[in-house]
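J.: To be precise about what I am sending: the file is called run34.cif and holds mmCIF, C-alpha atoms and all ligand atoms.
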```cif
data_protein
#
loop_
_atom_site.group_PDB
_atom_site.id
_atom_site.type_symbol
_atom_site.label_atom_id
_atom_site.label_comp_id
_atom_site.auth_asym_id
_atom_site.auth_seq_id
_atom_site.Cartn_x
_atom_site.Cartn_y
_atom_site.Cartn_z
ATOM 1 C CA MET V 24 -43.663 -17.304 -123.961
ATOM 2 C CA LYS V 25 -41.351 -20.317 -123.860
ATOM 3 C CA ILE V 26 -39.263 -20.677 -120.693
ATOM 4 C CA THR V 27 -36.121 -20.969 -122.828
ATOM 5 C CA ASP V 28 -36.797 -17.488 -124.282
ATOM 6 C CA ALA V 29 -37.401 -16.077 -120.800
ATOM 7 C CA LEU V 30 -34.155 -17.569 -119.481
ATOM 8 C CA LEU V 31 -32.230 -16.276 -122.523
ATOM 9 C CA GLY V 32 -33.566 -12.791 -121.744
ATOM 10 C CA GLU V 33 -32.275 -13.140 -118.195
ATOM 11 C CA HIS V 34 -28.871 -14.162 -119.584
ATOM 12 C CA GLY V 35 -28.808 -10.944 -121.613
ATOM 13 C CA VAL V 36 -29.315 -8.790 -118.528
ATOM 14 C CA LEU V 37 -26.833 -10.842 -116.511
ATOM 15 C CA TYR V 38 -24.151 -10.448 -119.215
ATOM 16 C CA ALA V 39 -24.449 -6.670 -118.791
ATOM 17 C CA ILE V 40 -23.954 -7.062 -115.029
ATOM 18 C CA PHE V 41 -20.986 -9.408 -115.646
ATOM 19 C CA ASP V 42 -19.330 -6.820 -117.915
ATOM 20 C CA HIS V 43 -19.833 -4.072 -115.351
ATOM 21 C CA LEU V 44 -18.369 -6.192 -112.540
ATOM 22 C CA ASP V 45 -15.469 -7.248 -114.754
ATOM 23 C CA GLN V 46 -14.571 -3.602 -115.380
ATOM 24 C CA LEU V 47 -14.810 -2.848 -111.678
ATOM 25 C CA ALA V 48 -12.704 -5.876 -110.713
ATOM 26 C CA THR V 49 -10.058 -4.931 -113.272
ATOM 27 C CA ALA V 50 -9.939 -1.168 -112.800
ATOM 28 C CA GLY V 51 -11.523 -0.600 -109.419
ATOM 29 C CA GLU V 52 -8.501 -0.582 -107.175
ATOM 30 C CA GLY V 53 -8.719 1.534 -104.053
ATOM 31 C CA SER V 54 -11.111 1.271 -101.152
ATOM 32 C CA GLU V 55 -14.038 3.009 -102.867
ATOM 33 C CA GLY V 56 -13.899 0.701 -105.894
ATOM 34 C CA ASP V 57 -13.473 -2.330 -103.661
ATOM 35 C CA GLN V 58 -16.506 -1.370 -101.594
ATOM 36 C CA ARG V 59 -18.594 -0.911 -104.752
ATOM 37 C CA LEU V 60 -17.406 -4.288 -106.021
ATOM 38 C CA ARG V 61 -18.413 -5.963 -102.753
ATOM 39 C CA THR V 62 -21.860 -4.359 -102.825
ATOM 40 C CA LEU V 63 -22.415 -5.327 -106.451
ATOM 41 C CA MET V 64 -21.265 -8.885 -105.762
ATOM 42 C CA ASP V 65 -24.098 -9.178 -103.231
ATOM 43 C CA LEU V 66 -26.488 -8.061 -105.973
ATOM 44 C CA LEU V 67 -24.944 -10.505 -108.456
ATOM 45 C CA GLU V 68 -25.311 -13.368 -105.991
ATOM 46 C CA ALA V 69 -28.992 -12.544 -105.423
ATOM 47 C CA VAL V 70 -29.882 -12.445 -109.109
ATOM 48 C CA LEU V 71 -27.649 -15.316 -110.208
ATOM 49 C CA VAL V 72 -28.862 -17.652 -107.465
ATOM 50 C CA SER V 73 -32.482 -16.835 -108.280
ATOM 51 C CA HIS V 74 -31.813 -17.440 -112.013
ATOM 52 C CA ALA V 75 -30.200 -20.825 -111.292
ATOM 53 C CA LYS V 76 -33.031 -21.738 -108.906
ATOM 54 C CA LEU V 77 -35.603 -21.198 -111.661
ATOM 55 C CA GLU V 78 -33.633 -23.528 -113.914
ATOM 56 C CA ASP V 79 -33.144 -26.088 -111.125
ATOM 57 C CA ASP V 80 -36.774 -26.008 -109.960
ATOM 58 C CA GLU V 81 -38.731 -25.540 -113.203
ATOM 59 C CA LEU V 82 -36.826 -26.523 -116.355
ATOM 60 C CA PHE V 83 -34.337 -29.168 -115.244
ATOM 61 C CA PRO V 84 -36.770 -31.619 -113.517
ATOM 62 C CA VAL V 85 -39.045 -31.671 -116.580
ATOM 63 C CA LEU V 86 -36.115 -32.038 -118.980
ATOM 64 C CA GLU V 87 -34.691 -34.813 -116.807
ATOM 65 C CA GLN V 88 -37.816 -36.911 -117.474
ATOM 66 C CA HIS V 89 -36.917 -36.846 -121.176
ATOM 67 C CA VAL V 90 -33.124 -37.011 -121.256
ATOM 68 C CA GLY V 91 -32.171 -38.520 -117.877
ATOM 69 C CA PRO V 92 -30.085 -36.920 -115.121
ATOM 70 C CA GLY V 93 -26.658 -37.332 -116.758
ATOM 71 C CA GLY V 94 -24.934 -35.537 -119.624
ATOM 72 C CA PRO V 95 -25.342 -31.785 -119.989
ATOM 73 C CA LEU V 96 -27.958 -31.626 -117.228
ATOM 74 C CA ALA V 97 -25.519 -33.059 -114.674
ATOM 75 C CA VAL V 98 -22.832 -30.617 -115.838
ATOM 76 C CA MET V 99 -25.184 -27.629 -115.552
ATOM 77 C CA ARG V 100 -26.288 -28.637 -112.046
ATOM 78 C CA GLU V 101 -22.690 -29.110 -110.957
ATOM 79 C CA GLU V 102 -21.744 -25.680 -112.331
ATOM 80 C CA HIS V 103 -24.647 -24.047 -110.466
ATOM 81 C CA ARG V 104 -23.248 -25.478 -107.232
ATOM 82 C CA GLU V 105 -19.715 -24.361 -108.129
ATOM 83 C CA ILE V 106 -20.791 -20.787 -108.907
ATOM 84 C CA GLU V 107 -22.903 -20.594 -105.738
ATOM 85 C CA GLY V 108 -20.010 -22.025 -103.717
ATOM 86 C CA VAL V 109 -17.524 -19.425 -104.966
ATOM 87 C CA LEU V 110 -20.009 -16.585 -104.380
ATOM 88 C CA ALA V 111 -20.741 -17.787 -100.827
ATOM 89 C CA GLU V 112 -17.032 -18.231 -100.100
ATOM 90 C CA LEU V 113 -16.314 -14.683 -101.308
ATOM 91 C CA LYS V 114 -18.354 -13.261 -98.425
ATOM 92 C CA GLY V 115 -15.727 -14.438 -95.970
ATOM 93 C CA VAL V 116 -12.779 -12.942 -97.892
ATOM 94 C CA SER V 117 -11.441 -9.569 -96.758
ATOM 95 C CA ASP V 118 -8.356 -9.198 -98.983
ATOM 96 C CA ALA V 119 -9.402 -6.891 -101.847
ATOM 97 C CA ALA V 120 -6.902 -8.362 -104.324
ATOM 98 C CA VAL V 121 -8.202 -11.892 -103.634
ATOM 99 C CA ILE V 122 -11.793 -10.684 -104.051
ATOM 100 C CA ARG V 123 -10.990 -9.093 -107.433
ATOM 101 C CA ASP V 124 -9.267 -12.291 -108.543
ATOM 102 C CA ARG V 125 -12.137 -14.542 -107.433
ATOM 103 C CA VAL V 126 -14.703 -12.211 -109.028
ATOM 104 C CA ARG V 127 -12.944 -12.489 -112.396
ATOM 105 C CA TYR V 128 -12.776 -16.258 -111.956
ATOM 106 C CA VAL V 129 -16.471 -16.693 -111.132
ATOM 107 C CA LEU V 130 -17.482 -14.386 -113.994
ATOM 108 C CA GLY V 131 -15.509 -16.623 -116.373
ATOM 109 C CA VAL V 132 -17.209 -19.753 -115.041
ATOM 110 C CA ALA V 133 -20.638 -18.099 -115.244
ATOM 111 C CA ARG V 134 -20.094 -16.876 -118.833
ATOM 112 C CA ASP V 135 -18.966 -20.349 -119.952
ATOM 113 C CA HIS V 136 -21.925 -21.882 -118.154
ATOM 114 C CA PHE V 137 -24.384 -19.530 -119.878
ATOM 115 C CA ARG V 138 -22.853 -20.272 -123.293
ATOM 116 C CA LYS V 139 -23.248 -24.019 -122.722
ATOM 117 C CA GLU V 140 -26.887 -23.532 -121.784
ATOM 118 C CA GLU V 141 -27.483 -21.386 -124.873
ATOM 119 C CA HIS V 142 -25.695 -23.711 -127.303
ATOM 120 C CA VAL V 143 -26.481 -27.116 -125.792
ATOM 121 C CA LEU V 144 -28.975 -27.343 -122.943
ATOM 122 C CA PHE V 145 -31.688 -24.959 -124.117
ATOM 123 C CA GLN V 146 -31.512 -26.476 -127.604
ATOM 124 C CA LEU V 147 -31.858 -29.927 -126.049
ATOM 125 C CA ALA V 148 -34.909 -28.625 -124.164
ATOM 126 C CA GLU V 149 -36.394 -27.201 -127.383
ATOM 127 C CA GLN V 150 -35.933 -30.552 -129.161
ATOM 128 C CA SER V 151 -37.060 -32.782 -126.270
ATOM 129 C CA LEU V 152 -39.969 -30.907 -124.692
ATOM 130 C CA GLY V 153 -41.760 -29.251 -127.585
ATOM 131 C CA GLU V 154 -43.486 -25.895 -127.827
ATOM 132 C CA ALA V 155 -46.511 -26.569 -125.557
ATOM 133 C CA ALA V 156 -44.475 -27.838 -122.594
ATOM 134 C CA LEU V 157 -41.990 -24.982 -122.947
ATOM 135 C CA ARG V 158 -44.879 -22.491 -122.915
ATOM 136 C CA ARG V 159 -46.414 -24.108 -119.812
ATOM 137 C CA LEU V 160 -43.046 -23.724 -118.093
ATOM 138 C CA GLY V 161 -42.870 -20.150 -119.378
ATOM 139 C CA THR V 162 -46.133 -19.426 -117.584
ATOM 140 C CA ARG V 163 -44.628 -20.811 -114.384
ATOM 141 C CA TRP V 164 -41.536 -18.645 -114.927
ATOM 142 C CA ALA V 165 -43.757 -15.548 -115.286
ATOM 143 C CA ALA V 166 -45.643 -16.394 -112.088
ATOM 144 C CA GLU V 167 -42.368 -16.836 -110.176
ATOM 145 C CA ARG V 168 -40.971 -13.572 -111.499
ATOM 146 C CA GLY V 169 -44.214 -11.606 -111.166
ATOM 147 C CA VAL V 170 -44.207 -10.807 -114.890
ATOM 148 C CA ALA V 171 -47.509 -10.372 -116.755
ATOM 149 C CA ILE V 172 -47.534 -12.248 -120.087
ATOM 150 C CA ALA V 173 -50.275 -12.785 -122.629
ATOM 151 C CA GLY V 174 -49.599 -16.542 -122.862
HETATM 152 FE FE FE E 1 -27.715 -22.243 -115.310
HETATM 153 FE FE FE E 2 -29.022 -19.859 -117.230
#
```
Re-express the file's structure as structure tokens.
Ligand SMILES: [Fe+2]
Ligand SMILES: [Fe+2]
T.:
Amino acid sequence: MKITDALLGEHGVLYAIFDHLDQLATAGEGSEGDQRLRTLMDLLEAVLVSHAKLEDDELFPVLEQHVGPGGPLAVMREEHREIEGVLAELKGVSDAAVIRDRVRYVLGVARDHFRKEEHVLFQLAEQSLGEAALRRLGTRWAAERGVAIAG
């Protein structure tokens, strides 16, 4: 499996989590909804940070050798830091209305970021790295995630 396909699959699952959180942030007023939102934000941070780390550690360094550190790669790295910064900052916020507002903001940034990867960065990786390199990285992705793949 190519790493780009694996990462696209992760995007699909994350979009479902984004939609769920969006609904909760929009409709979940009241202490019970706010507590659920806070708990689910911890989950989102865990999965989103681990998704970005796989891109940062496995795909981006190899792609950088072909396309250099600037352009879309620099933008994607900067957006990872922005998303992680907002998520970390959220932990120190106690005002429920501010949390709901920041959650909607970070979901917007994350959705835009994913779309850019899908339309620009992953296509750049497909064109620059070729099938064999993408499959080697896919094997590394599977090892990191503990997923069994045939090759
Ligand atoms: Fe990313
Ligand atoms: Fe991604």
J.: Which one of V:His103, V:Leu47, V:Tyr38, V:Gly32 sits closest to ligand FE 1 (chain E) if you count only C-alpha atoms and all ligand atoms?
T.: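 Under the stated criterion, the closest residue is V:His103.
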J.: If I take atom CA of Ala48 of chain V and atom CA of Arg123 of chain V, how far is one from the other in Å, to one decimal?
T.: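 Pair atom CA of Ala48 of chain V / atom CA of Arg123 of chain V returns 4.9 Å.
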J.: Residue by residue, what does the PyMOL selection byres (((chain V and resi 173) around 10) and not hetatm) grab here? Present the result as a ChimeraX atom specification.
T.: /V:24,162,171-172,174
J.: Of the candidates V:Glu107, V:Asp80, V:Glu140, V:Asp135, which one gets nearest to ligand FE 2 (chain E) if we count only C-alpha atoms and all ligand atoms?
T.: V:Glu140
J.: Since I can't run it myself right now, could you work out what the PyMOL selection byres (((chain V and resi 60) around 12) and not hetatm) selects here and report it as a ChimeraX atom specification?
T.: /V:40-41,43-59,61-67,113-114,119-120,122-127
J.: Could you please extract the residues within 7 Å of ligand FE 2 (chain E), counting all atoms listed in the file, and hand them back as a PyMOL selection string?
T.: chain V and resi 30+34+74-75+78+137+140
J.: Name each residue within 12 Å of ligand FE 1 (chain E), counting only C-alpha atoms and all ligand atoms, as a count of residues only.
T.: 46
J.: Within 12 Å of Ala156 of chain V, counting only C-alpha atoms, which residues show up once you throw out same-chain ones fewer than 4 positions away? Write them as a PyMOL selection string, please.
T.: chain V and resi 24-27+81-82+85-86+89+148-152+160-163
J.: Of the candidates V:Leu130, V:Ala155, V:Gly169, V:Asp28, which one gets nearest to Leu110 of chain V if we count all atoms listed in the file?
T.: V:Leu130
J.: What does the distance from atom CA of Val90 of chain V to atom CA of Gly35 of chain V come to in Å, to one decimal?
T.: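 Between these atoms lies a distance of 26.4 Å.
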J.: Kindly give the distance, in Å, that separates atom CA of Leu147 of chain V and atom CA of Gly91 of chain V, rounded to a single decimal.
T.: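 Between atom CA of Leu147 of chain V and atom CA of Gly91 of chain V the gap is 11.9 Å.
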J.: Which centre and which edge lengths, in Å to one decimal, describe the axis-aligned box that holds all listed atoms of segment 150-161 of chain V after 3 Å is added on each side, as JSON?
T.:
```
{"center_x": -41.2, "center_y": -26.5, "center_z": -123.6, "size_x": 16.6, "size_y": 18.6, "size_z": 17.1}
```
J.: Only C-alpha atoms needed: put segment 33-126 of chain V from the block into a file as a compact mmCIF listing (two decimals), in the first residue's frame.
T.:
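Final output, saved to part.txt:
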```txt
# COMPACT_ATOMS: atom_id res chain seq x y z
CA GLU V 33 -6.84 8.40 7.93
CA HIS V 34 -8.27 11.67 6.57
CA GLY V 35 -11.57 9.89 5.92
CA VAL V 36 -11.85 8.75 9.53
CA LEU V 37 -10.75 12.14 10.84
CA TYR V 38 -13.41 13.93 8.74
CA ALA V 39 -16.05 11.84 10.53
CA ILE V 40 -14.61 12.91 13.90
CA PHE V 41 -14.49 16.55 12.72
CA ASP V 42 -18.19 16.42 11.75
CA HIS V 43 -19.13 14.93 15.11
CA LEU V 44 -17.17 17.57 17.03
CA ASP V 45 -18.62 20.33 14.86
CA GLN V 46 -22.15 19.22 15.74
CA LEU V 47 -21.25 19.07 19.41
CA ALA V 48 -19.59 22.50 19.35
CA THR V 49 -22.60 24.01 17.59
CA ALA V 50 -25.43 22.29 19.46
CA GLY V 51 -23.83 21.05 22.64
CA GLU V 52 -24.53 23.90 24.99
CA GLY V 53 -24.92 23.03 28.65
CA SER V 54 -22.44 21.45 31.00
CA GLU V 55 -22.96 17.87 29.81
CA GLY V 56 -22.35 18.78 26.16
CA ASP V 57 -19.36 20.91 27.12
CA GLN V 58 -17.83 18.07 29.11
CA ARG V 59 -18.30 15.68 26.18
CA LEU V 60 -16.73 18.23 23.84
CA ARG V 61 -13.71 18.58 26.13
CA THR V 62 -13.26 14.81 26.36
CA LEU V 63 -13.56 14.39 22.60
CA MET V 64 -11.10 17.22 22.00
CA ASP V 65 -8.52 15.23 23.96
CA LEU V 66 -9.20 12.30 21.63
CA LEU V 67 -8.99 14.55 18.57
CA GLU V 68 -5.65 15.95 19.72
CA ALA V 69 -4.24 12.44 20.22
CA VAL V 70 -5.23 11.19 16.78
CA LEU V 71 -4.51 14.41 14.89
CA VAL V 72 -1.07 14.85 16.42
CA SER V 73 -0.19 11.23 15.65
CA HIS V 74 -1.43 11.67 12.04
CA ALA V 75 0.67 14.82 11.58
CA LYS V 76 3.69 13.12 13.17
CA LEU V 77 3.54 10.32 10.60
CA GLU V 78 3.54 12.90 7.83
CA ASP V 79 6.33 14.93 9.47
CA ASP V 80 8.52 11.90 10.25
CA GLU V 81 7.94 9.60 7.26
CA LEU V 82 6.58 11.36 4.15
CA PHE V 83 7.81 14.94 4.41
CA PRO V 84 11.58 14.27 4.85
CA VAL V 85 11.64 11.98 1.80
CA LEU V 86 9.56 14.40 -0.28
CA GLU V 87 11.82 17.26 0.80
CA GLN V 88 14.78 15.54 -0.89
CA HIS V 89 12.91 15.84 -4.19
CA VAL V 90 11.10 19.17 -3.98
CA GLY V 91 13.05 21.14 -1.35
CA PRO V 92 11.77 22.47 1.98
CA GLY V 93 9.77 25.42 0.63
CA GLY V 94 6.44 25.67 -1.17
CA PRO V 95 3.58 23.42 -0.13
CA LEU V 96 5.79 21.41 2.23
CA ALA V 97 6.63 24.53 4.27
CA VAL V 98 2.94 25.48 4.37
CA MET V 99 1.89 22.01 5.54
CA ARG V 100 4.53 21.98 8.29
CA GLU V 101 3.49 25.43 9.44
CA GLU V 102 -0.17 24.38 9.56
CA HIS V 103 0.70 21.29 11.63
CA ARG V 104 2.31 23.59 14.20
CA GLU V 105 -0.67 25.97 14.12
CA ILE V 106 -3.21 23.17 14.65
CA GLU V 107 -1.12 21.64 17.45
CA GLY V 108 -0.71 25.07 19.04
CA VAL V 109 -4.45 25.77 19.09
CA LEU V 110 -5.21 22.29 20.48
CA ALA V 111 -2.59 22.68 23.23
CA GLU V 112 -3.83 26.18 24.07
CA LEU V 113 -7.41 24.89 24.36
CA LYS V 114 -6.43 22.77 27.37
CA GLY V 115 -5.93 25.90 29.43
CA VAL V 116 -9.29 27.46 28.49
CA SER V 117 -12.18 27.07 30.93
CA ASP V 118 -14.84 29.28 29.30
CA ALA V 119 -17.18 26.89 27.44
CA ALA V 120 -18.20 29.48 24.83
CA VAL V 121 -14.53 30.20 24.02
CA ILE V 122 -13.83 26.46 23.76
CA ARG V 123 -16.72 25.96 21.32
CA ASP V 124 -15.50 28.90 19.24
CA ARG V 125 -11.89 27.68 19.16
CA VAL V 126 -13.01 24.13 18.33
```
